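Below: upload-v5.cif (mmCIF, C-alpha atoms, pLDDT in the B column; chains and numbers go by the auth columns)
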```cif
data_data
#
loop_
_atom_site.group_PDB
_atom_site.id
_atom_site.type_symbol
_atom_site.label_atom_id
_atom_site.label_comp_id
_atom_site.label_asym_id
_atom_site.label_seq_id
_atom_site.Cartn_x
_atom_site.Cartn_y
_atom_site.Cartn_z
_atom_site.B_iso_or_equiv
_atom_site.auth_seq_id
_atom_site.auth_asym_id
ATOM 1 C CA SER A 1 -2.872 -21.683 18.663 38.00 1 A
ATOM 2 C CA PRO A 2 -5.608 -20.257 16.451 38.00 2 A
ATOM 3 C CA SER A 3 -5.033 -20.785 12.749 37.00 3 A
ATOM 4 C CA PRO A 4 -5.034 -17.775 10.383 37.00 4 A
ATOM 5 C CA LEU A 5 -8.776 -17.075 10.504 34.00 5 A
ATOM 6 C CA SER A 6 -8.048 -13.816 8.695 32.00 6 A
ATOM 7 C CA GLU A 7 -7.128 -15.776 5.575 32.00 7 A
ATOM 8 C CA THR A 8 -10.742 -16.793 5.033 31.00 8 A
ATOM 9 C CA VAL A 9 -11.405 -13.669 2.957 31.00 9 A
ATOM 10 C CA GLU A 10 -8.926 -11.449 1.224 32.00 10 A
ATOM 11 C CA PRO A 11 -8.097 -8.105 2.869 33.00 11 A
ATOM 12 C CA TRP A 12 -8.719 -4.713 1.335 33.00 12 A
ATOM 13 C CA ARG A 13 -6.613 -4.588 -1.803 33.00 13 A
ATOM 14 C CA GLY A 14 -6.982 -0.881 -2.421 36.00 14 A
ATOM 15 C CA GLY A 15 -4.441 0.016 0.257 39.00 15 A
ATOM 16 C CA ALA A 16 -1.853 -2.640 -0.480 40.00 16 A
ATOM 17 C CA GLY A 17 0.819 -0.198 -1.567 42.00 17 A
ATOM 18 C CA HIS A 18 0.293 1.826 1.572 42.00 18 A
ATOM 19 C CA TRP A 19 0.805 -1.225 3.778 39.00 19 A
ATOM 20 C CA VAL A 20 3.902 -2.349 1.940 39.00 20 A
ATOM 21 C CA LYS A 21 5.414 1.088 2.395 39.00 21 A
ATOM 22 C CA VAL A 22 4.549 1.389 6.069 42.00 22 A
ATOM 23 C CA PHE A 23 5.702 -2.073 7.101 42.00 23 A
ATOM 24 C CA SER A 24 8.789 -2.401 4.844 40.00 24 A
ATOM 25 C CA PHE A 25 7.490 -5.743 3.592 41.00 25 A
ATOM 26 C CA LEU A 26 10.256 -6.541 1.144 40.00 26 A
ATOM 27 C CA ASP A 27 12.956 -5.667 3.633 39.00 27 A
ATOM 28 C CA LEU A 28 11.796 -7.636 6.650 42.00 28 A
ATOM 29 C CA GLY A 29 9.584 -10.453 5.439 43.00 29 A
ATOM 30 C CA ALA A 30 12.159 -13.244 5.346 41.00 30 A
ATOM 31 C CA CYS A 31 14.245 -12.208 8.354 44.00 31 A
ATOM 32 C CA TRP A 32 11.822 -11.492 11.183 44.00 32 A
ATOM 33 C CA GLU A 33 12.316 -14.597 13.281 44.00 33 A
ATOM 34 C CA ARG A 34 15.911 -13.932 14.238 41.00 34 A
ATOM 35 C CA LEU A 35 15.420 -10.343 15.332 42.00 35 A
ATOM 36 C CA GLY A 36 13.414 -10.468 18.538 44.00 36 A
ATOM 37 C CA LYS A 37 16.221 -11.750 20.732 42.00 37 A
ATOM 38 C CA ARG A 38 18.559 -8.993 19.526 43.00 38 A
ATOM 39 C CA MET A 39 16.372 -6.064 20.481 44.00 39 A
ATOM 40 C CA ALA A 40 17.355 -5.767 24.139 40.00 40 A
ATOM 41 C CA ALA A 41 20.976 -5.172 23.197 41.00 41 A
ATOM 42 C CA LEU A 42 20.287 -2.248 20.864 44.00 42 A
ATOM 43 C CA GLU A 43 20.951 1.323 21.876 42.00 43 A
ATOM 44 C CA GLN A 44 18.095 3.800 21.594 45.00 44 A
ATOM 45 C CA GLY A 45 18.492 6.646 19.128 50.00 45 A
ATOM 46 C CA THR A 46 17.482 8.091 15.793 57.00 46 A
ATOM 47 C CA TYR A 47 17.741 6.039 12.641 59.00 47 A
ATOM 48 C CA ASN A 48 17.529 6.967 8.974 63.00 48 A
ATOM 49 C CA PHE A 49 15.580 4.260 7.136 60.00 49 A
ATOM 50 C CA SER A 50 16.107 5.877 3.746 62.00 50 A
ATOM 51 C CA THR A 51 19.887 5.407 3.874 64.00 51 A
ATOM 52 C CA ASP A 52 20.304 2.009 5.549 63.00 52 A
ATOM 53 C CA GLY A 53 20.739 0.155 2.249 63.00 53 A
ATOM 54 C CA PHE A 54 17.682 -2.073 2.431 59.00 54 A
ATOM 55 C CA HIS A 55 15.908 -0.374 -0.461 54.00 55 A
ATOM 56 C CA ALA A 56 18.128 -2.279 -2.864 45.00 56 A
ATOM 57 C CA ALA A 57 16.514 -5.457 -1.630 44.00 57 A
ATOM 58 C CA ALA A 58 13.161 -4.610 -3.200 44.00 58 A
ATOM 59 C CA THR A 59 14.360 -5.678 -6.652 44.00 59 A
ATOM 60 C CA SER A 60 16.409 -8.626 -5.451 43.00 60 A
ATOM 61 C CA ALA A 61 15.433 -12.239 -4.940 41.00 61 A
ATOM 62 C CA ASN A 62 17.238 -11.999 -1.621 44.00 62 A
ATOM 63 C CA LEU A 63 14.751 -9.940 0.357 43.00 63 A
ATOM 64 C CA CYS A 64 17.134 -9.284 3.239 46.00 64 A
ATOM 65 C CA LEU A 65 20.157 -8.103 1.334 46.00 65 A
ATOM 66 C CA ALA A 66 21.539 -4.756 2.505 48.00 66 A
ATOM 67 C CA THR A 67 24.838 -2.992 2.801 50.00 67 A
ATOM 68 C CA GLY A 68 27.261 -4.761 5.113 52.00 68 A
ATOM 69 C CA VAL A 69 27.998 -8.412 5.673 52.00 69 A
ATOM 70 C CA ARG A 70 24.858 -10.552 5.799 58.00 70 A
ATOM 71 C CA GLY A 71 24.385 -11.687 9.385 59.00 71 A
ATOM 72 C CA GLY A 72 27.080 -9.329 10.636 69.00 72 A
ATOM 73 C CA VAL A 73 26.640 -6.995 13.582 72.00 73 A
ATOM 74 C CA ASP A 74 25.928 -3.882 11.482 73.00 74 A
ATOM 75 C CA TRP A 75 23.572 -5.769 9.176 70.00 75 A
ATOM 76 C CA MET A 76 21.622 -7.219 12.101 75.00 76 A
ATOM 77 C CA ARG A 77 21.537 -3.873 13.854 76.00 77 A
ATOM 78 C CA LYS A 78 19.967 -2.203 10.806 73.00 78 A
ATOM 79 C CA LEU A 79 17.425 -4.993 10.495 75.00 79 A
ATOM 80 C CA ALA A 80 16.624 -4.765 14.202 78.00 80 A
ATOM 81 C CA PHE A 81 15.859 -1.055 13.894 79.00 81 A
ATOM 82 C CA ARG A 82 13.324 -1.914 11.217 77.00 82 A
ATOM 83 C CA TYR A 83 11.878 -4.646 13.415 80.00 83 A
ATOM 84 C CA ARG A 84 11.466 -2.136 16.208 83.00 84 A
ATOM 85 C CA ARG A 85 9.691 0.304 13.887 82.00 85 A
ATOM 86 C CA VAL A 86 7.253 -2.364 12.681 85.00 86 A
ATOM 87 C CA LYS A 87 6.537 -3.409 16.261 89.00 87 A
ATOM 88 C CA GLU A 88 6.026 0.219 17.246 89.00 88 A
ATOM 89 C CA ILE A 89 3.506 0.785 14.434 88.00 89 A
ATOM 90 C CA TYR A 90 1.636 -2.427 15.192 91.00 90 A
ATOM 91 C CA THR A 91 1.435 -1.758 18.920 92.00 91 A
ATOM 92 C CA THR A 92 0.405 1.870 18.460 91.00 92 A
ATOM 93 C CA TYR A 93 -2.387 1.200 15.985 89.00 93 A
ATOM 94 C CA LYS A 94 -3.650 -2.257 16.993 91.00 94 A
ATOM 95 C CA ASN A 95 -6.704 -0.617 18.583 90.00 95 A
ATOM 96 C CA ASN A 96 -7.012 2.175 16.032 88.00 96 A
ATOM 97 C CA VAL A 97 -5.961 1.156 12.545 87.00 97 A
ATOM 98 C CA GLY A 98 -8.127 3.972 11.195 87.00 98 A
ATOM 99 C CA GLY A 99 -5.660 6.434 12.685 88.00 99 A
ATOM 100 C CA LEU A 100 -2.950 4.904 10.539 84.00 100 A
ATOM 101 C CA LEU A 101 -5.009 4.930 7.346 85.00 101 A
ATOM 102 C CA GLY A 102 -6.277 8.498 7.554 87.00 102 A
ATOM 103 C CA PRO A 103 -9.913 9.703 7.314 89.00 103 A
ATOM 104 C CA ALA A 104 -10.647 8.881 3.657 88.00 104 A
ATOM 105 C CA LYS A 105 -9.161 5.382 3.666 88.00 105 A
ATOM 106 C CA ARG A 106 -10.611 4.749 7.095 89.00 106 A
ATOM 107 C CA GLU A 107 -14.138 5.285 5.789 91.00 107 A
ATOM 108 C CA ALA A 108 -13.485 3.061 2.764 90.00 108 A
ATOM 109 C CA TRP A 109 -12.038 0.413 5.057 90.00 109 A
ATOM 110 C CA LEU A 110 -15.018 0.507 7.427 90.00 110 A
ATOM 111 C CA GLN A 111 -17.424 0.256 4.501 91.00 111 A
ATOM 112 C CA LEU A 112 -15.551 -2.717 3.073 90.00 112 A
ATOM 113 C CA ARG A 113 -15.436 -4.413 6.483 90.00 113 A
ATOM 114 C CA ALA A 114 -19.205 -4.056 6.713 93.00 114 A
ATOM 115 C CA GLU A 115 -19.652 -5.510 3.219 93.00 115 A
ATOM 116 C CA ILE A 116 -17.359 -8.448 4.022 92.00 116 A
ATOM 117 C CA GLU A 117 -19.326 -9.162 7.195 94.00 117 A
ATOM 118 C CA ALA A 118 -22.586 -9.135 5.234 94.00 118 A
ATOM 119 C CA LEU A 119 -21.220 -11.426 2.502 94.00 119 A
ATOM 120 C CA THR A 120 -19.723 -13.902 5.001 94.00 120 A
ATOM 121 C CA ASP A 121 -22.644 -13.912 7.466 95.00 121 A
ATOM 122 C CA SER A 122 -20.547 -12.276 10.197 94.00 122 A
ATOM 123 C CA TRP A 123 -17.712 -14.811 10.018 94.00 123 A
ATOM 124 C CA LEU A 124 -15.195 -12.366 11.439 94.00 124 A
ATOM 125 C CA THR A 125 -17.497 -11.356 14.287 94.00 125 A
ATOM 126 C CA LEU A 126 -17.950 -14.991 15.285 95.00 126 A
ATOM 127 C CA ALA A 127 -14.229 -15.654 15.159 95.00 127 A
ATOM 128 C CA LEU A 128 -13.459 -12.510 17.143 95.00 128 A
ATOM 129 C CA LYS A 129 -15.906 -13.503 19.886 95.00 129 A
ATOM 130 C CA ALA A 130 -13.981 -16.725 20.509 95.00 130 A
ATOM 131 C CA LEU A 131 -10.580 -15.031 20.264 96.00 131 A
ATOM 132 C CA THR A 132 -11.669 -12.260 22.646 96.00 132 A
ATOM 133 C CA LEU A 133 -12.861 -14.790 25.210 95.00 133 A
ATOM 134 C CA ILE A 134 -9.486 -16.557 25.088 95.00 134 A
ATOM 135 C CA HIS A 135 -7.654 -13.243 25.324 95.00 135 A
ATOM 136 C CA SER A 136 -9.649 -12.261 28.429 95.00 136 A
ATOM 137 C CA ARG A 137 -8.262 -15.200 30.382 94.00 137 A
ATOM 138 C CA SER A 138 -5.174 -14.458 32.431 92.00 138 A
ATOM 139 C CA ASN A 139 -3.702 -17.906 31.818 92.00 139 A
ATOM 140 C CA CYS A 140 -4.377 -18.159 28.058 94.00 140 A
ATOM 141 C CA VAL A 141 -2.985 -16.585 24.906 95.00 141 A
ATOM 142 C CA ASN A 142 -3.890 -16.523 21.222 96.00 142 A
ATOM 143 C CA ILE A 143 -1.136 -17.536 18.812 95.00 143 A
ATOM 144 C CA LEU A 144 -1.443 -17.045 15.070 95.00 144 A
ATOM 145 C CA VAL A 145 0.440 -19.348 12.694 94.00 145 A
ATOM 146 C CA THR A 146 -0.033 -18.348 9.067 92.00 146 A
ATOM 147 C CA THR A 147 1.415 -19.248 5.684 91.00 147 A
ATOM 148 C CA THR A 148 1.196 -15.562 4.729 90.00 148 A
ATOM 149 C CA GLN A 149 4.522 -13.728 4.837 87.00 149 A
ATOM 150 C CA LEU A 150 4.820 -11.923 8.125 86.00 150 A
ATOM 151 C CA ILE A 151 4.503 -8.279 7.117 85.00 151 A
ATOM 152 C CA PRO A 152 1.344 -8.759 5.013 87.00 152 A
ATOM 153 C CA ALA A 153 0.013 -10.962 7.828 90.00 153 A
ATOM 154 C CA LEU A 154 0.456 -8.120 10.312 90.00 154 A
ATOM 155 C CA ALA A 155 -1.387 -5.797 7.948 89.00 155 A
ATOM 156 C CA LYS A 156 -4.256 -8.275 7.623 90.00 156 A
ATOM 157 C CA VAL A 157 -4.484 -8.692 11.391 92.00 157 A
ATOM 158 C CA LEU A 158 -4.733 -4.920 11.859 91.00 158 A
ATOM 159 C CA LEU A 159 -7.216 -4.443 9.016 89.00 159 A
ATOM 160 C CA TYR A 160 -9.499 -7.133 10.408 90.00 160 A
ATOM 161 C CA GLY A 161 -9.377 -5.613 13.891 92.00 161 A
ATOM 162 C CA LEU A 162 -7.582 -8.610 15.379 94.00 162 A
ATOM 163 C CA GLY A 163 -4.557 -6.741 16.707 94.00 163 A
ATOM 164 C CA VAL A 164 -6.051 -6.466 20.170 94.00 164 A
ATOM 165 C CA VAL A 165 -6.227 -10.279 20.551 96.00 165 A
ATOM 166 C CA PHE A 166 -2.916 -11.115 18.860 95.00 166 A
ATOM 167 C CA PRO A 167 0.182 -9.490 20.397 94.00 167 A
ATOM 168 C CA ILE A 168 2.794 -9.091 17.685 93.00 168 A
ATOM 169 C CA GLU A 169 5.179 -11.514 19.384 93.00 169 A
ATOM 170 C CA ASN A 170 2.499 -14.225 19.074 94.00 170 A
ATOM 171 C CA ILE A 171 2.253 -14.042 15.276 94.00 171 A
ATOM 172 C CA TYR A 172 4.347 -16.587 13.393 93.00 172 A
ATOM 173 C CA SER A 173 4.854 -16.842 9.639 90.00 173 A
ATOM 174 C CA ALA A 174 5.228 -20.370 8.292 90.00 174 A
ATOM 175 C CA THR A 175 6.171 -19.181 4.799 88.00 175 A
ATOM 176 C CA LYS A 176 9.781 -20.324 5.044 86.00 176 A
ATOM 177 C CA ILE A 177 9.691 -23.124 7.612 88.00 177 A
ATOM 178 C CA GLY A 178 6.190 -24.595 7.584 90.00 178 A
ATOM 179 C CA LYS A 179 3.558 -24.710 10.298 91.00 179 A
ATOM 180 C CA GLU A 180 4.986 -27.761 12.034 90.00 180 A
ATOM 181 C CA SER A 181 8.265 -25.937 12.648 91.00 181 A
ATOM 182 C CA CYS A 182 6.314 -22.954 13.958 91.00 182 A
ATOM 183 C CA PHE A 183 4.507 -25.272 16.374 93.00 183 A
ATOM 184 C CA GLU A 184 7.888 -26.495 17.584 93.00 184 A
ATOM 185 C CA ARG A 185 9.024 -22.914 18.205 93.00 185 A
ATOM 186 C CA VAL A 186 5.855 -22.201 20.154 93.00 186 A
ATOM 187 C CA ILE A 187 6.482 -25.286 22.311 94.00 187 A
ATOM 188 C CA GLN A 188 10.088 -24.222 22.886 94.00 188 A
ATOM 189 C CA ARG A 189 8.840 -20.822 23.988 94.00 189 A
ATOM 190 C CA PHE A 190 5.978 -21.847 26.285 94.00 190 A
ATOM 191 C CA GLY A 191 7.113 -25.316 27.312 93.00 191 A
ATOM 192 C CA ARG A 192 5.458 -28.735 27.259 91.00 192 A
ATOM 193 C CA LYS A 193 3.527 -28.417 30.510 91.00 193 A
ATOM 194 C CA VAL A 194 0.797 -26.259 28.994 92.00 194 A
ATOM 195 C CA VAL A 195 -2.288 -27.264 27.021 93.00 195 A
ATOM 196 C CA TYR A 196 -2.257 -26.321 23.341 94.00 196 A
ATOM 197 C CA VAL A 197 -5.398 -26.379 21.210 95.00 197 A
ATOM 198 C CA VAL A 198 -4.946 -25.960 17.465 94.00 198 A
ATOM 199 C CA VAL A 199 -7.870 -24.334 15.653 95.00 199 A
ATOM 200 C CA GLY A 200 -7.889 -24.420 11.875 92.00 200 A
ATOM 201 C CA ASP A 201 -9.175 -25.861 8.626 91.00 201 A
ATOM 202 C CA GLY A 202 -6.057 -27.189 6.872 89.00 202 A
ATOM 203 C CA VAL A 203 -4.272 -30.507 6.616 91.00 203 A
ATOM 204 C CA GLU A 204 -0.891 -29.047 7.597 90.00 204 A
ATOM 205 C CA GLU A 205 -2.001 -27.719 10.977 90.00 205 A
ATOM 206 C CA GLU A 206 -3.969 -30.901 11.679 92.00 206 A
ATOM 207 C CA GLN A 207 -0.934 -33.070 10.968 92.00 207 A
ATOM 208 C CA GLY A 208 1.269 -30.789 13.062 90.00 208 A
ATOM 209 C CA SER A 209 -1.153 -30.935 15.961 91.00 209 A
ATOM 210 C CA LYS A 210 -1.235 -34.745 15.838 92.00 210 A
ATOM 211 C CA LYS A 211 2.542 -34.963 15.808 92.00 211 A
ATOM 212 C CA HIS A 212 2.754 -32.873 18.966 92.00 212 A
ATOM 213 C CA ASN A 213 -0.308 -34.490 20.598 92.00 213 A
ATOM 214 C CA MET A 214 -2.324 -31.281 20.524 92.00 214 A
ATOM 215 C CA PRO A 215 -6.138 -31.352 20.307 93.00 215 A
ATOM 216 C CA PHE A 216 -7.352 -30.085 16.915 94.00 216 A
ATOM 217 C CA TRP A 217 -10.580 -28.128 16.527 95.00 217 A
ATOM 218 C CA ARG A 218 -11.602 -28.057 12.868 95.00 218 A
ATOM 219 C CA ILE A 219 -13.300 -24.915 11.549 94.00 219 A
ATOM 220 C CA SER A 220 -15.260 -25.599 8.361 93.00 220 A
ATOM 221 C CA SER A 221 -18.456 -23.647 8.911 94.00 221 A
ATOM 222 C CA HIS A 222 -20.194 -21.038 11.019 94.00 222 A
ATOM 223 C CA SER A 223 -21.538 -23.775 13.273 96.00 223 A
ATOM 224 C CA ASP A 224 -17.955 -24.821 14.054 95.00 224 A
ATOM 225 C CA LEU A 225 -17.129 -21.269 15.140 94.00 225 A
ATOM 226 C CA MET A 226 -20.254 -21.049 17.271 95.00 226 A
ATOM 227 C CA ALA A 227 -19.493 -24.428 18.838 96.00 227 A
ATOM 228 C CA LEU A 228 -15.969 -23.250 19.644 95.00 228 A
ATOM 229 C CA HIS A 229 -17.278 -20.124 21.360 95.00 229 A
ATOM 230 C CA HIS A 230 -19.857 -22.201 23.259 96.00 230 A
ATOM 231 C CA ALA A 231 -17.167 -24.615 24.481 95.00 231 A
ATOM 232 C CA LEU A 232 -15.000 -21.717 25.580 94.00 232 A
ATOM 233 C CA ASP A 233 -17.914 -19.950 27.261 94.00 233 A
ATOM 234 C CA LEU A 234 -18.730 -23.076 29.270 94.00 234 A
ATOM 235 C CA GLU A 235 -15.007 -23.521 30.015 90.00 235 A
ATOM 236 C CA TYR A 236 -14.828 -26.921 28.351 90.00 236 A
ATOM 237 C CA LEU A 237 -11.725 -25.498 26.671 88.00 237 A
#
```

Rewrite the coordinates I just gave you, this time as structure tokens.
Amino acid sequence: SPSPLSETVEPWRGGAGHWVKVFSFLDLGACWERLGKRMAALEQGTYNFSTDGFHAAATSANLCLATGVRGGVDWMRKLAFRYRRVKEIYTTYKNNVGGLLGPAKREAWLQLRAEIEALTDSWLTLALKALTLIHSRSNCVNILVTTTQLIPALAKVLLYGLGVVFPIENIYSATKIGKESCFERVIQRFGRKVVYVVVGDGVEEEQGSKKHNMPFWRISSHSDLMALHHALDLEYL
């Protein structure tokens, strides 16, 4: 259950408005968790996002407010259509975020990525090596638990080129419920007969890992990342 390695450095701020628009951040951020199980029951078809009523939520403290009864069938159906659109965008562009940004922003993004790598002594590259090794195993998965709200977290994952190692269904936002509760949801999903290894640098994930008897691998420096990759490469983990 890799911790949010992408939070080590801030993402490209120049395109923030673009990401908010594309991912409907204000509309979906607080309601994502309950949507996945509803998707199979939805009918396919066209959907008009500009008239579904969620735009009123952008100026409201209640980020999920829309026309219809909150939690009702119509309300959940509208929200689920937005969930499906976010998932579609993420899945389509997880290997090619430049195609989503367009040529000009793509070049700016690549330049900034290179500058970040230089300033952080290739921190992202080291992290990605370990994550890629885990992802290559047929019996292992990467799970991201982050305190960032979900929609910005998805944007960060794509911008950092991590979409290929983090399927969207394996990204959990702890903004509302905390990391420990996210760990519990992961256990409910995958069961207790699997081995979980928590990788991170914070007190909250360390405490959560101890509560659930999960090994904790602390990441505080480049040497910690290299040691993690070495342990994975030798199949100690």

Run through the PyMOL selection byres ((chain A and resi 135-144) around 10) on the given coordinates and return the selected residues as an MDAnalysis selection string. chainID A and resid 1:6 129:134 145:146 153 157 164:173 182:183 186 194:199

Explicit residue set for the PyMOL selection byres ((chain A and resi 176) around 9), as number ranges by chain: A: 30, 147, 149, 173-175, 177-178

Where's the centre, and what are the edge lengths in Å to one decimal, of a box along x, y and z enclosing all listed atoms of range 182-190 of chain A padded 5 Å per side, as JSON?
```
{"center_x": 7.3, "center_y": -23.7, "center_z": 20.1, "size_x": 15.6, "size_y": 15.7, "size_z": 22.3}
```

Decode the PyMOL selection byres ((chain A and resi 122) around 12) for the given file into explicit residues and return them as a list in words.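 Applying the expression gives Thr8, Val9, Arg113, Ala114, Glu115, Ile116, Glu117, Ala118, Leu119, Thr120, Asp121, Trp123, Leu124, Thr125, Leu126, Ala127, Leu128, Lys129, Ser221, His222, Ser223, Leu225 and Met226 of chain A.
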
Could you give me, as an mmCIF file with C-alpha atoms, in the coordinates of the input, the residues that have an atom at most 9 Å away from the point (2.9, -4.7, 19.5) in the coordinates of the file, using only C-alpha atoms?
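What follows is the written file selection.cif:
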```cif
data_model
loop_
_atom_site.group_PDB
_atom_site.id
_atom_site.type_symbol
_atom_site.label_atom_id
_atom_site.label_comp_id
_atom_site.auth_asym_id
_atom_site.auth_seq_id
_atom_site.Cartn_x
_atom_site.Cartn_y
_atom_site.Cartn_z
ATOM 1 C CA VAL A 86 7.253 -2.364 12.681
ATOM 2 C CA LYS A 87 6.537 -3.409 16.261
ATOM 3 C CA GLU A 88 6.026 0.219 17.246
ATOM 4 C CA ILE A 89 3.506 0.785 14.434
ATOM 5 C CA TYR A 90 1.636 -2.427 15.192
ATOM 6 C CA THR A 91 1.435 -1.758 18.920
ATOM 7 C CA THR A 92 0.405 1.870 18.460
ATOM 8 C CA TYR A 93 -2.387 1.200 15.985
ATOM 9 C CA LYS A 94 -3.650 -2.257 16.993
ATOM 10 C CA GLY A 163 -4.557 -6.741 16.707
ATOM 11 C CA PHE A 166 -2.916 -11.115 18.860
ATOM 12 C CA PRO A 167 0.182 -9.490 20.397
ATOM 13 C CA ILE A 168 2.794 -9.091 17.685
ATOM 14 C CA GLU A 169 5.179 -11.514 19.384
#
```
